[in-house]
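Below is the file protein-v7.cif, which contains mmCIF, C-alpha atoms and all ligand atoms.
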```
data_my_file
loop_
_atom_site.label_atom_id
_atom_site.label_comp_id
_atom_site.auth_asym_id
_atom_site.auth_seq_id
_atom_site.Cartn_x
_atom_site.Cartn_y
_atom_site.Cartn_z
CA MET A 3 114.18 122.81 130.95
CA ALA A 4 116.58 124.85 128.90
CA LYS A 5 118.99 121.96 129.04
CA THR A 6 120.30 122.48 125.52
CA LYS A 7 121.71 125.83 126.58
CA LEU A 8 123.52 124.42 129.56
CA ALA A 9 127.07 123.29 129.38
CA LYS A 10 126.80 119.66 128.44
CA SER A 11 130.12 118.29 129.47
CA PRO A 12 131.30 119.74 132.77
CA TRP A 13 134.14 117.90 134.40
CA MET A 14 134.50 118.42 138.09
CA LEU A 15 137.48 118.62 140.38
CA HIS A 16 136.84 118.14 144.07
CA TYR A 17 139.27 119.65 146.56
CA ASP A 18 139.09 119.40 150.33
CA GLY A 19 140.26 122.73 151.81
CA SER A 20 140.01 121.80 155.48
CA SER A 21 136.69 120.01 155.61
CA CYS A 22 135.71 117.74 158.48
CA ASN A 23 134.95 115.15 155.70
CA GLY A 24 131.23 115.47 156.26
CA CYS A 25 130.77 117.43 153.05
CA ASP A 26 133.29 115.25 151.19
CA ILE A 27 131.22 112.18 151.82
CA GLU A 28 128.13 113.95 150.55
CA VAL A 29 130.04 114.97 147.40
CA LEU A 30 130.99 111.36 146.82
CA ALA A 31 127.38 110.36 147.45
CA CYS A 32 126.48 112.41 144.36
CA THR A 33 128.30 109.90 142.16
CA THR A 34 126.49 106.86 143.56
CA PRO A 35 123.61 105.17 141.71
CA ARG A 36 121.04 106.98 143.85
CA TYR A 37 122.08 110.48 142.75
CA ASP A 38 124.19 109.64 139.66
CA ILE A 39 125.71 112.98 138.81
CA GLU A 40 127.10 111.50 135.58
CA ARG A 41 123.65 111.75 134.02
CA PHE A 42 124.42 115.45 133.49
CA GLY A 43 127.61 114.42 131.72
CA ILE A 44 129.59 115.34 134.81
CA ILE A 45 132.77 113.42 135.43
CA ASN A 46 134.50 113.60 138.78
CA THR A 47 138.05 113.99 137.53
CA GLY A 48 141.12 114.42 139.68
CA ASP A 49 142.96 116.55 137.17
CA PRO A 50 142.82 120.38 137.24
CA PHE A 51 144.02 120.54 133.63
CA GLN A 52 140.84 118.80 132.51
CA ALA A 53 138.34 120.28 134.95
CA ASP A 54 135.67 122.93 134.34
CA ILE A 55 134.15 123.05 137.80
CA LEU A 56 136.19 123.41 140.95
CA LEU A 57 134.21 122.11 143.88
CA ILE A 58 135.69 122.95 147.27
CA THR A 59 134.61 121.72 150.68
CA GLY A 60 135.84 123.18 153.95
CA GLY A 61 137.28 126.59 154.71
CA VAL A 62 140.65 127.91 153.71
CA ASN A 63 143.51 127.52 156.13
CA PHE A 64 147.06 128.74 155.74
CA GLN A 65 148.21 125.42 154.34
CA SER A 66 145.48 124.91 151.77
CA GLU A 67 145.56 128.52 150.55
CA SER A 68 148.46 128.08 148.15
CA VAL A 69 147.08 124.76 146.91
CA ILE A 70 143.70 126.28 146.11
CA LYS A 71 145.36 129.14 144.26
CA GLN A 72 147.53 126.72 142.34
CA ILE A 73 144.79 124.37 141.18
CA TYR A 74 142.61 127.33 140.28
CA THR A 75 145.30 128.74 137.99
CA GLN A 76 145.96 125.30 136.51
CA MET A 77 142.39 125.04 135.28
CA PRO A 78 141.89 126.28 131.71
CA ASP A 79 139.24 128.93 131.01
CA PRO A 80 136.21 128.97 131.13
CA LYS A 81 135.84 127.65 134.69
CA VAL A 82 133.53 128.01 137.71
CA VAL A 83 133.99 127.52 141.43
CA VAL A 84 131.40 125.97 143.73
CA ALA A 85 131.81 126.27 147.50
CA VAL A 86 130.10 123.33 149.21
CA GLY A 87 129.12 123.46 152.86
CA ILE A 88 128.95 126.37 155.22
CA CYS A 89 132.66 126.07 156.00
CA ALA A 90 133.53 126.69 152.36
CA CYS A 91 131.05 129.55 152.15
CA THR A 92 132.10 131.54 155.22
CA GLY A 93 134.38 129.47 157.43
CA GLY A 94 131.40 128.12 159.37
CA VAL A 95 131.95 126.92 162.90
CA PHE A 96 135.71 127.11 162.39
CA LYS A 97 135.56 130.74 161.36
CA ASP A 98 137.32 132.07 164.46
CA CYS A 99 139.99 129.39 164.65
CA TYR A 100 143.55 130.69 164.63
CA ASN A 101 144.40 128.76 161.45
CA ILE A 102 141.31 129.50 159.32
CA LYS A 103 141.31 132.36 156.85
CA GLY A 104 137.59 132.06 156.16
CA GLY A 105 135.50 131.00 153.16
CA ILE A 106 136.89 130.07 149.76
CA ASP A 107 136.13 133.55 148.44
CA THR A 108 138.95 134.93 150.56
CA VAL A 109 141.42 133.46 148.02
CA ILE A 110 139.63 132.83 144.71
CA PRO A 111 136.35 134.08 143.19
CA VAL A 112 133.42 131.79 143.99
CA ASP A 113 130.44 131.49 141.62
CA VAL A 114 127.99 129.35 143.59
CA TYR A 115 127.58 128.91 147.35
CA VAL A 116 125.95 125.72 148.58
CA PRO A 117 125.03 126.09 152.28
CA GLY A 118 124.40 123.25 154.70
CA CYS A 119 126.29 121.31 157.31
CA ALA A 120 126.78 118.92 155.74
CA ALA A 121 125.37 120.05 152.41
CA ARG A 122 122.95 117.39 151.20
CA PRO A 123 123.61 115.66 147.87
CA GLN A 124 120.43 117.21 146.45
CA ALA A 125 121.69 120.67 147.36
CA ILE A 126 125.14 119.93 145.92
CA ILE A 127 123.66 118.73 142.63
CA ASP A 128 121.41 121.78 142.59
CA GLY A 129 124.43 124.03 143.11
CA VAL A 130 126.42 122.28 140.40
CA VAL A 131 123.52 122.60 137.94
CA LYS A 132 123.39 126.34 138.79
CA ALA A 133 127.10 126.47 138.16
CA LEU A 134 126.48 124.93 134.74
CA GLU A 135 124.39 127.96 133.77
CA ILE A 136 127.16 130.29 134.85
CA LEU A 137 129.67 128.10 133.04
CA GLN A 138 127.63 128.38 129.86
CA GLN A 139 127.55 132.19 130.16
CA LYS A 140 131.27 132.26 130.75
CA ARG A 141 131.79 129.97 127.78
CA GLU A 142 129.85 132.29 125.48
CA ALA A 143 131.72 135.30 126.82
CA TYR A 144 134.99 133.45 126.35
CA ALA A 145 134.09 132.45 122.78
CA ALA A 146 133.15 136.06 121.97
CA HIS A 147 136.39 137.23 123.52
CA ARG A 148 138.35 134.77 121.39
CA ARG A 149 136.60 135.82 118.20
CA GLN A 150 137.42 139.44 118.93
CA GLY A 151 140.99 138.52 119.67
CA LYS A 152 141.33 136.75 116.35
CA ALA A 153 139.51 139.36 114.27
CA MET B 11 137.42 100.21 96.20
CA GLN B 12 140.55 100.79 98.29
CA ALA B 13 140.08 104.54 98.23
CA ILE B 14 136.49 104.15 99.42
CA GLY B 15 137.63 102.00 102.33
CA VAL B 16 140.22 104.57 103.37
CA ILE B 17 137.91 107.56 103.07
CA LEU B 18 135.13 105.79 104.92
CA TYR B 19 137.53 104.87 107.68
CA LEU B 20 139.05 108.33 107.97
CA VAL B 21 135.65 110.02 108.10
CA LEU B 22 133.58 107.50 110.01
CA ALA B 23 136.06 105.96 112.48
CA PRO B 24 136.00 108.87 114.96
CA VAL B 25 132.20 108.98 114.79
CA VAL B 26 131.89 105.22 115.27
CA GLY B 27 134.47 105.34 118.06
CA ALA B 28 132.71 108.16 119.89
CA LEU B 29 129.33 106.41 119.53
CA LEU B 30 130.79 103.19 120.87
CA ASP B 31 132.27 105.14 123.75
CA GLY B 32 128.83 106.59 124.44
CA ILE B 33 127.28 103.12 124.36
CA ASP B 34 130.06 101.90 126.63
CA ARG B 35 129.40 104.60 129.21
CA LYS B 36 125.66 104.03 129.07
CA VAL B 37 125.98 100.25 129.37
CA SER B 38 128.53 100.57 132.17
CA ALA B 39 126.20 102.92 134.05
CA ARG B 40 123.34 100.45 133.67
CA MET B 41 125.54 97.63 134.91
CA GLN B 42 126.19 99.74 138.00
CA GLY B 43 122.50 100.54 138.46
CA ARG B 44 122.86 104.15 137.32
CA GLN B 45 121.09 106.07 134.59
CA GLY B 46 124.30 107.18 132.94
CA PRO B 47 125.13 110.07 130.61
CA PRO B 48 123.35 110.68 127.29
CA LEU B 49 124.41 108.48 124.39
CA LEU B 50 126.04 111.40 122.58
CA GLN B 51 128.05 112.47 125.62
CA PRO B 52 131.47 111.81 123.97
CA PHE B 53 130.54 114.26 121.21
CA TYR B 54 129.62 116.90 123.77
CA ASP B 55 132.90 116.23 125.55
CA LEU B 56 134.87 116.66 122.33
CA GLY B 57 132.96 119.83 121.48
CA LYS B 58 133.73 121.25 124.88
CA LEU B 59 137.40 120.30 124.82
CA PHE B 60 137.90 122.19 121.57
CA THR B 61 136.40 125.37 123.00
CA LYS B 62 138.60 125.34 126.08
CA GLN B 63 141.60 127.51 126.57
CA MET B 64 144.74 126.08 124.99
CA LEU B 65 146.87 125.51 128.08
CA ALA B 66 149.95 124.06 126.44
CA VAL B 67 152.63 122.95 128.85
CA ASN B 68 155.22 122.98 126.06
CA SER B 69 155.39 123.43 122.32
CA VAL B 70 155.83 119.79 121.29
CA GLN B 71 153.05 117.99 123.14
CA MET B 72 150.35 118.98 120.67
CA LEU B 73 152.59 118.00 117.77
CA LEU B 74 153.33 114.60 119.30
CA ASN B 75 149.65 114.02 119.96
CA LEU B 76 148.85 114.94 116.37
CA SER B 77 151.49 112.44 115.23
CA TYR B 78 149.81 109.84 117.41
CA LEU B 79 146.53 110.63 115.70
CA ILE B 80 147.97 110.56 112.20
CA PHE B 81 149.85 107.30 112.69
CA LEU B 82 146.76 105.62 114.06
CA ALA B 83 144.69 106.94 111.17
CA VAL B 84 147.25 105.58 108.70
CA ALA B 85 147.46 102.22 110.50
CA GLY B 86 143.69 101.84 110.36
CA SER B 87 143.55 103.04 106.75
CA LEU B 88 146.02 100.32 105.75
CA LEU B 89 143.78 97.71 107.35
CA PHE B 90 140.56 99.03 105.84
CA ALA B 91 142.17 99.44 102.43
CA GLY B 92 142.97 95.73 102.48
CA GLU B 93 146.69 96.39 102.56
CA ASP B 94 149.53 94.71 104.43
CA LEU B 95 148.46 93.69 107.91
CA LEU B 96 152.01 93.51 109.21
CA MET B 97 152.68 97.08 108.15
CA SER B 98 149.45 98.22 109.74
CA LEU B 99 150.30 96.59 113.07
CA PHE B 100 153.79 98.08 113.05
CA MET B 101 152.27 101.52 112.52
CA LEU B 102 149.97 100.85 115.44
CA SER B 103 152.85 100.40 117.87
CA THR B 104 154.82 103.30 116.35
CA ALA B 105 151.82 105.52 117.03
CA ASP B 106 151.90 104.54 120.66
CA MET B 107 155.51 105.66 120.95
CA PHE B 108 154.43 109.19 120.02
CA LEU B 109 151.94 109.16 122.85
CA VAL B 110 154.65 108.01 125.25
CA MET B 111 156.92 110.82 124.05
CA GLY B 112 154.09 113.34 124.33
CA ALA B 113 153.40 112.31 127.90
CA SER B 114 157.03 112.34 128.97
CA SER B 115 157.60 115.75 127.38
CA ASP B 116 155.89 117.56 130.24
CA SER B 117 157.10 117.98 133.78
CA SER B 118 154.34 116.26 135.71
CA PRO B 119 155.57 113.22 137.63
CA PHE B 120 152.19 111.61 137.07
CA SER B 121 152.38 111.71 133.31
CA THR B 122 155.98 110.52 133.38
CA LEU B 123 154.85 107.59 135.48
CA GLY B 124 151.96 107.07 133.08
CA ALA B 125 154.35 107.08 130.14
CA GLY B 126 156.46 104.41 131.82
CA ARG B 127 153.39 102.30 132.41
CA GLU B 128 152.29 102.80 128.81
CA MET B 129 155.61 101.32 127.70
CA ILE B 130 154.99 98.29 129.89
CA GLN B 131 151.60 97.97 128.25
CA ILE B 132 153.20 98.12 124.81
CA MET B 133 155.55 95.35 125.88
CA ALA B 134 152.57 93.33 127.07
CA TYR B 135 150.43 93.53 123.94
CA GLU B 136 153.12 93.70 121.27
CA PRO B 137 153.88 89.92 121.02
CA MET B 138 150.22 89.17 120.42
CA THR B 139 149.82 91.71 117.64
CA LEU B 140 152.89 90.36 115.86
CA LEU B 141 151.75 86.77 116.28
CA LEU B 142 148.37 87.81 114.94
CA ALA B 143 149.87 88.82 111.61
CA VAL B 144 151.84 85.56 111.47
CA GLY B 145 148.68 83.65 112.32
CA PHE B 146 146.76 85.20 109.44
CA TYR B 147 149.67 84.35 107.15
CA LEU B 148 149.72 80.72 108.29
CA ALA B 149 145.96 80.39 107.93
CA THR B 150 145.47 82.18 104.63
CA GLY B 151 148.90 82.37 103.02
CA SER B 152 148.92 86.15 102.84
CA PHE B 153 149.60 89.24 104.91
CA GLN B 154 147.23 91.29 102.76
CA ALA B 155 143.97 92.10 104.53
CA GLY B 156 142.32 92.09 101.10
CA ASP B 157 143.32 88.46 100.52
CA ILE B 158 142.32 87.43 104.03
CA VAL B 159 138.74 88.64 103.58
CA SER B 160 138.34 86.92 100.21
CA GLN B 161 138.93 83.42 101.57
CA PRO B 162 136.07 80.93 101.16
CA VAL B 163 135.87 80.27 104.93
CA SER B 164 136.26 82.77 107.76
CA ALA B 165 139.62 82.87 109.47
CA VAL B 166 138.02 82.28 112.85
CA VAL B 167 137.47 78.62 111.93
CA THR B 168 141.18 77.92 111.74
CA MET B 169 142.44 80.46 114.27
CA PRO B 170 140.03 80.76 117.22
CA GLY B 171 143.00 80.91 119.59
CA PHE B 172 144.25 84.08 117.97
CA LEU B 173 140.82 85.66 118.36
CA LEU B 174 140.86 84.90 122.08
CA GLY B 175 144.34 86.35 122.39
CA LEU B 176 143.29 89.48 120.51
CA LEU B 177 140.26 89.94 122.76
CA PHE B 178 142.57 89.66 125.75
CA ILE B 179 145.02 92.34 124.65
CA MET B 180 142.25 94.52 123.24
CA ASN B 181 141.48 95.33 126.85
CA ILE B 182 144.81 97.17 127.04
CA LYS B 183 144.20 98.99 123.78
CA LEU B 184 140.75 100.15 124.82
CA ARG B 185 142.21 101.33 128.15
CA LYS B 186 139.87 99.24 130.21
CA SER B 187 140.15 97.72 133.63
CA PRO B 188 142.00 95.54 134.75
CA PHE B 189 144.72 96.73 132.37
CA ASP B 190 144.22 100.51 132.43
CA LEU B 191 147.55 101.22 134.05
CA SER B 192 148.78 104.26 132.15
CA THR B 193 145.55 106.24 132.13
CA SER B 194 141.96 105.43 132.90
CA HIS B 195 138.52 106.56 131.84
CA HIS B 196 137.44 106.39 135.42
CA ALA B 197 138.08 109.09 137.97
CA HIS B 198 140.41 108.82 140.93
CA GLN B 199 143.26 106.83 139.65
CA GLU B 200 146.26 106.64 141.95
CA ILE B 201 148.31 108.64 139.45
CA VAL B 202 145.65 111.28 138.70
CA LYS B 203 145.04 110.89 134.95
CA GLY B 204 148.30 109.13 134.19
CA LEU B 205 149.84 110.07 130.89
CA THR B 206 147.07 112.53 130.03
CA THR B 207 147.52 114.49 133.28
CA GLU B 208 148.92 117.59 131.65
CA MET B 209 146.87 117.42 128.47
CA ALA B 210 144.20 120.12 128.58
CA GLY B 211 141.44 121.12 126.17
CA PRO B 212 142.33 120.71 122.50
CA THR B 213 145.37 118.53 123.24
CA LEU B 214 143.19 116.04 125.08
CA ALA B 215 140.59 116.22 122.31
CA VAL B 216 143.21 115.22 119.73
CA MET B 217 144.24 112.33 121.94
CA SER B 218 140.61 111.17 122.33
CA ILE B 219 139.99 111.28 118.59
CA ALA B 220 143.13 109.20 118.13
CA GLU B 221 141.78 106.71 120.64
CA TYR B 222 138.55 106.50 118.63
CA TYR B 223 140.54 105.68 115.51
CA GLU B 224 142.36 103.01 117.46
CA MET B 225 139.14 101.58 118.87
CA THR B 226 137.62 101.25 115.41
CA MET B 227 140.80 99.67 114.11
CA MET B 228 140.85 97.08 116.91
CA LEU B 229 137.26 96.16 116.12
CA GLY B 230 138.28 96.01 112.45
CA LEU B 231 140.83 93.39 113.44
CA VAL B 232 138.10 91.40 115.18
CA GLY B 233 135.98 91.73 112.06
CA LEU B 234 138.87 90.40 109.96
CA PHE B 235 138.37 87.04 111.66
CA PHE B 236 134.79 86.74 110.47
CA VAL B 237 134.64 88.23 106.99
CA ASN B 238 134.93 85.81 104.06
CA SER B 239 134.13 85.89 100.37
CA SER B 240 130.36 85.67 100.86
CA PRO B 241 128.56 88.98 101.52
CA VAL B 242 126.53 87.43 104.35
CA SER B 243 129.65 87.38 106.48
CA TRP B 244 129.85 91.19 106.68
CA PRO B 245 126.83 91.79 108.93
CA LEU B 246 127.95 88.76 110.91
CA ALA B 247 131.35 90.38 111.41
CA VAL B 248 129.72 93.60 112.62
CA LEU B 249 127.67 91.61 115.12
CA ALA B 250 130.82 89.83 116.27
CA CYS B 251 132.55 93.20 116.76
CA LEU B 252 129.66 94.49 118.86
CA ALA B 253 129.68 91.31 120.92
CA ALA B 254 133.43 91.65 121.45
CA PHE B 255 132.97 95.26 122.53
CA PHE B 256 130.24 94.28 124.97
CA LEU B 257 132.49 91.60 126.47
CA GLU B 258 135.22 94.18 127.01
CA THR B 259 132.76 96.49 128.77
CA LEU B 260 131.58 93.63 130.95
CA TRP B 261 135.13 92.73 131.84
CA ASP B 262 135.90 96.37 132.59
CA ASN B 263 133.06 96.55 135.08
CA ALA B 264 133.73 93.20 136.67
CA SER B 265 137.40 93.64 137.51
CA ALA B 266 139.75 95.91 139.38
CA ARG B 267 143.06 97.27 138.11
CA VAL B 268 146.01 94.91 138.52
CA LYS B 269 149.73 95.49 139.02
CA TRP B 270 152.05 95.90 136.06
CA ARG B 271 153.72 92.52 136.67
CA THR B 272 150.38 90.75 136.38
CA VAL B 273 149.61 92.61 133.15
CA LEU B 274 152.92 91.64 131.63
CA ASP B 275 152.91 88.02 132.81
CA GLY B 276 149.22 87.59 132.09
CA CYS B 277 149.45 88.91 128.55
CA TRP B 278 152.51 86.90 127.66
CA VAL B 279 151.14 83.66 129.08
CA VAL B 280 147.81 84.17 127.33
CA THR B 281 149.61 85.09 124.11
CA LEU B 282 151.62 81.87 124.29
CA LEU B 283 148.64 79.71 125.16
CA THR B 284 146.26 81.16 122.58
CA GLY B 285 148.27 82.57 119.68
CA GLY B 286 151.33 80.39 120.20
CA LEU B 287 149.46 77.14 120.47
CA ASN B 288 147.08 77.96 117.65
CA GLY B 289 150.02 78.99 115.47
CA LEU B 290 151.83 75.75 116.24
CA ILE B 291 148.80 73.70 115.25
CA LEU B 292 148.44 75.70 112.03
CA MET B 293 152.09 75.06 111.20
CA LEU B 294 151.75 71.33 111.84
CA VAL B 295 148.64 70.81 109.72
CA ARG B 296 149.95 72.85 106.83
S1 LIG C 301 129.96 122.40 156.52
FE1 LIG C 301 129.76 121.00 158.27
S2 LIG C 301 129.98 118.96 157.32
FE2 LIG C 301 130.75 120.45 155.83
S3 LIG C 301 132.94 120.56 156.21
FE3 LIG C 301 131.98 122.19 157.45
S4 LIG C 301 131.64 121.25 159.45
FE4 LIG C 301 132.01 119.58 158.01
#
```
Show me, as structure tokens, the structure contained in the file I just sent.
Amino acid sequence: MAKTKLAKSPWMLHYDGSSCNGCDIEVLACTTPRYDIERFGIINTGDPFQADILLITGGVNFQSESVIKQIYTQMPDPKVVVAVGICACTGGVFKDCYNIKGGIDTVIPVDVYVPGCAARPQAIIDGVVKALEILQQKREAYAAHRRQGKA
Amino acid sequence: MQAIGVILYLVLAPVVGALLDGIDRKVSARMQGRQGPPLLQPFYDLGKLFTKQMLAVNSVQMLLNLSYLIFLAVAGSLLFAGEDLLMSLFMLSTADMFLVMGASSDSSPFSTLGAGREMIQIMAYEPMTLLLAVGFYLATGSFQAGDIVSQPVSAVVTMPGFLLGLLFIMNIKLRKSPFDLSTSHHAHQEIVKGLTTEMAGPTLAVMSIAEYYEMTMMLGLVGLFFVNSSPVSWPLAVLACLAAFFLETLWDNASARVKWRTVLDGCWVVTLLTGGLNGLILMLVR
């Protein structure tokens, strides 16, 4: 595995857009001994200032919209967004509800979509590891950008 | 000799601290039945933090964090140069004030709360650190770390109480449960990340390096109890430091965070019972 090329220290911020909590519980299951997401160096932090990965469960409603935008802008570059569960991807079964705007990509750019209802821990970890690759690309692009800016 | 001690400390302390942190995370994971991150994870974390965007919430926070780092480096250098222990311990608490100022300089209510809690923690551990210096003076007749380590018998023989007290408050200094009120290494604290809430990227990296200096210095203090004039005592002291560190990790994993009142009362009572009593005995037999 090209593990050396992957981002080695991704810190994750989990936000619940309007999830039914099914996906949230699966996200928490990723940190348990059985799945142990920390073996990839991933820390489940609660602080957008220190996070690299924004993991969102549930669709966007009119109340969570501004919050999602805010935490996304509070995260320093480079950063990636993972939408977990079909609600976060498209709005899912709640799509046509009067209060739901739709998937996460209706407010911020999403890098990885993890389908499932609820998304299984294996799928979530798989999605996060995919996100790591994208994070690494973004990191290189960001570093190149910075070098150009300084030169 | 002094210069070598200082240079070695300045260069190696962050490396040793980060390695110990890696060991701590690995051992903690194993205690919880998990595989845990790679041993060098803290280095990866630092590397990443330095490449992140500099999201400064104001212009002074980085400066205050750098002051925190520098004061801790100087405090540790004094100890490892064999200089005045009292001075070194004073520097240690001065350094912490910079962190408190850095955290209260931003607008986040969480870091302000964290800063307040950090001050309570300072209040809790401060009596023990001061008593510690007095204890070394009573036991060896000198405040100079250099004189303390050249005694014929290790200090631990005459001042075991102080060692216990130090191990107790070291838990606060290493930011471990049950005393990790102001900020915690673990996720999901009730006040987000406490005083580091608005520290992003490089600012947080500076703060972590400072913590590594502090960690190494605290273990240096433990080592001070064991080193004596014979060279055999040095490896013994290192072993003692590692054992102390393991005990702190064990305690961290076996306990939940307590309220600030318990921290304050607990630390002061333990300080009185260990350092106070031991000091009294030392004064009487002198
Ligand atoms: S995808 Fe299913 S489990 Fe997940 S939040 Fe939506 S409804 Fe709940």
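Using only C-alpha atoms and all ligand atoms, we find that the residues with an atom at most 9 Å from any atom of ligand LIG 301 (chain C) are Asp18, Gly19, Ser20, Ser21, Cys22, Asn23, Gly24, Cys25, Asp26, Ile27, Glu28, Thr59, Gly60, Gly61, Val86, Gly87, Ile88, Cys89, Ala90, Cys91, Gly93, Gly94, Val95, Phe96, Pro117, Gly118, Cys119, Ala120 and Ala121 of chain A.
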Chain B contacts on chain A, only C-alpha atoms, 12 Å, as number ranges by chain: A: 6, 8-16, 30, 32-54, 75-81, 137-138, 140-149
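The spacing separating CA of Trp261 in chain B from CA of Asp190 in chain B amounts to 12.0 Å.
Compared by their closest atoms to Lys103 in chain A, and using all atoms listed in the file, the residues A:Leu56, A:Ala133, A:Ala31, A:Val62 rank with A:Val62 nearest.
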Which of B:Leu96, B:Asn288, B:Lys269, B:Met101 sits closest to Val166 in chain B [using all atoms listed in the file]: B:Asn288
Test item: residues at most 10 Å from range 82-95 of chain B, only C-alpha atoms, excluding those fewer than 2 positions along its chain, as a ChimeraX atom specification: /B:11-20,23-24,76-80,97-106,140,142-144,146-147,152-159,219-228,230-231,234
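Note that the spacing between CA of Gly233 in chain B and CA of Leu173 in chain B amounts to 10.0 Å.
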Put a box with edges along x, y and z around all the listed atoms of range 111-128 of chain A, pad it by 8 Å on each side, then give me its centre and sizes in Å, one decimal, as JSON.
```
{"center_x": 128.4, "center_y": 124.9, "center_z": 149.5, "size_x": 31.9, "size_y": 34.4, "size_z": 31.7}
```
d(CA of Ile126 in chain A, CA of Val29 in chain A) in Å: 7.1 Å
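Around range 276-284 of chain B, within 9 Å and counting all atoms listed in the file, the residues found are B:Ala134, B:Tyr135, B:Pro137, B:Met138, B:Leu141, B:Pro170, B:Gly171, B:Phe172, B:Leu173, B:Leu174, B:Gly175, B:Leu176, B:Phe178, B:Ile179, B:Arg271, B:Gly289, once anything fewer than 5 positions away on its own chain is removed.
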Close residues, Ala125 in chain B itself excluded, 8 Å, all atoms listed in the file, min 3 positions apart in chain, as an MDAnalysis selection string: chainID B and resid 109:111 113:114 121:122 128:129 192 204:205
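Nearest residue to Leu134 in chain A among A:Gln150, A:Val69, A:Asp113, A:Cys99 is A:Asp113, counting only C-alpha atoms.
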Range 89-94 of chain A rebuilt with all heavy atoms, output as a tab-separated table (two decimals), in the coordinates of the input:
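Output saved as result.tsv:
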```tsv
chain	number	residue	atom	x	y	z
A	89	CYS	N	131.24	125.77	155.76
A	89	CYS	CA	132.66	126.07	156.00
A	89	CYS	C	133.28	126.72	154.77
A	89	CYS	O	134.04	127.68	154.87
A	89	CYS	CB	133.43	124.80	156.30
A	89	CYS	SG	133.04	124.09	157.86
A	90	ALA	N	132.96	126.16	153.60
A	90	ALA	CA	133.53	126.69	152.36
A	90	ALA	C	132.93	128.05	152.03
A	90	ALA	O	133.55	128.87	151.36
A	90	ALA	CB	133.32	125.71	151.22
A	91	CYS	N	131.69	128.27	152.45
A	91	CYS	CA	131.05	129.55	152.15
A	91	CYS	C	131.62	130.68	153.01
A	91	CYS	O	131.95	131.75	152.51
A	91	CYS	CB	129.55	129.45	152.39
A	91	CYS	SG	128.71	128.30	151.29
A	92	THR	N	131.71	130.43	154.33
A	92	THR	CA	132.10	131.54	155.22
A	92	THR	C	133.18	131.17	156.23
A	92	THR	O	133.71	132.03	156.91
A	92	THR	CB	130.88	131.99	156.05
A	92	THR	OG1	130.52	130.90	156.90
A	92	THR	CG2	129.71	132.36	155.19
A	93	GLY	N	133.48	129.91	156.36
A	93	GLY	CA	134.38	129.47	157.43
A	93	GLY	C	133.60	128.68	158.47
A	93	GLY	O	134.18	127.91	159.23
A	94	GLY	N	132.28	128.89	158.51
A	94	GLY	CA	131.40	128.12	159.37
A	94	GLY	C	131.80	128.14	160.83
A	94	GLY	O	132.25	129.17	161.35
```
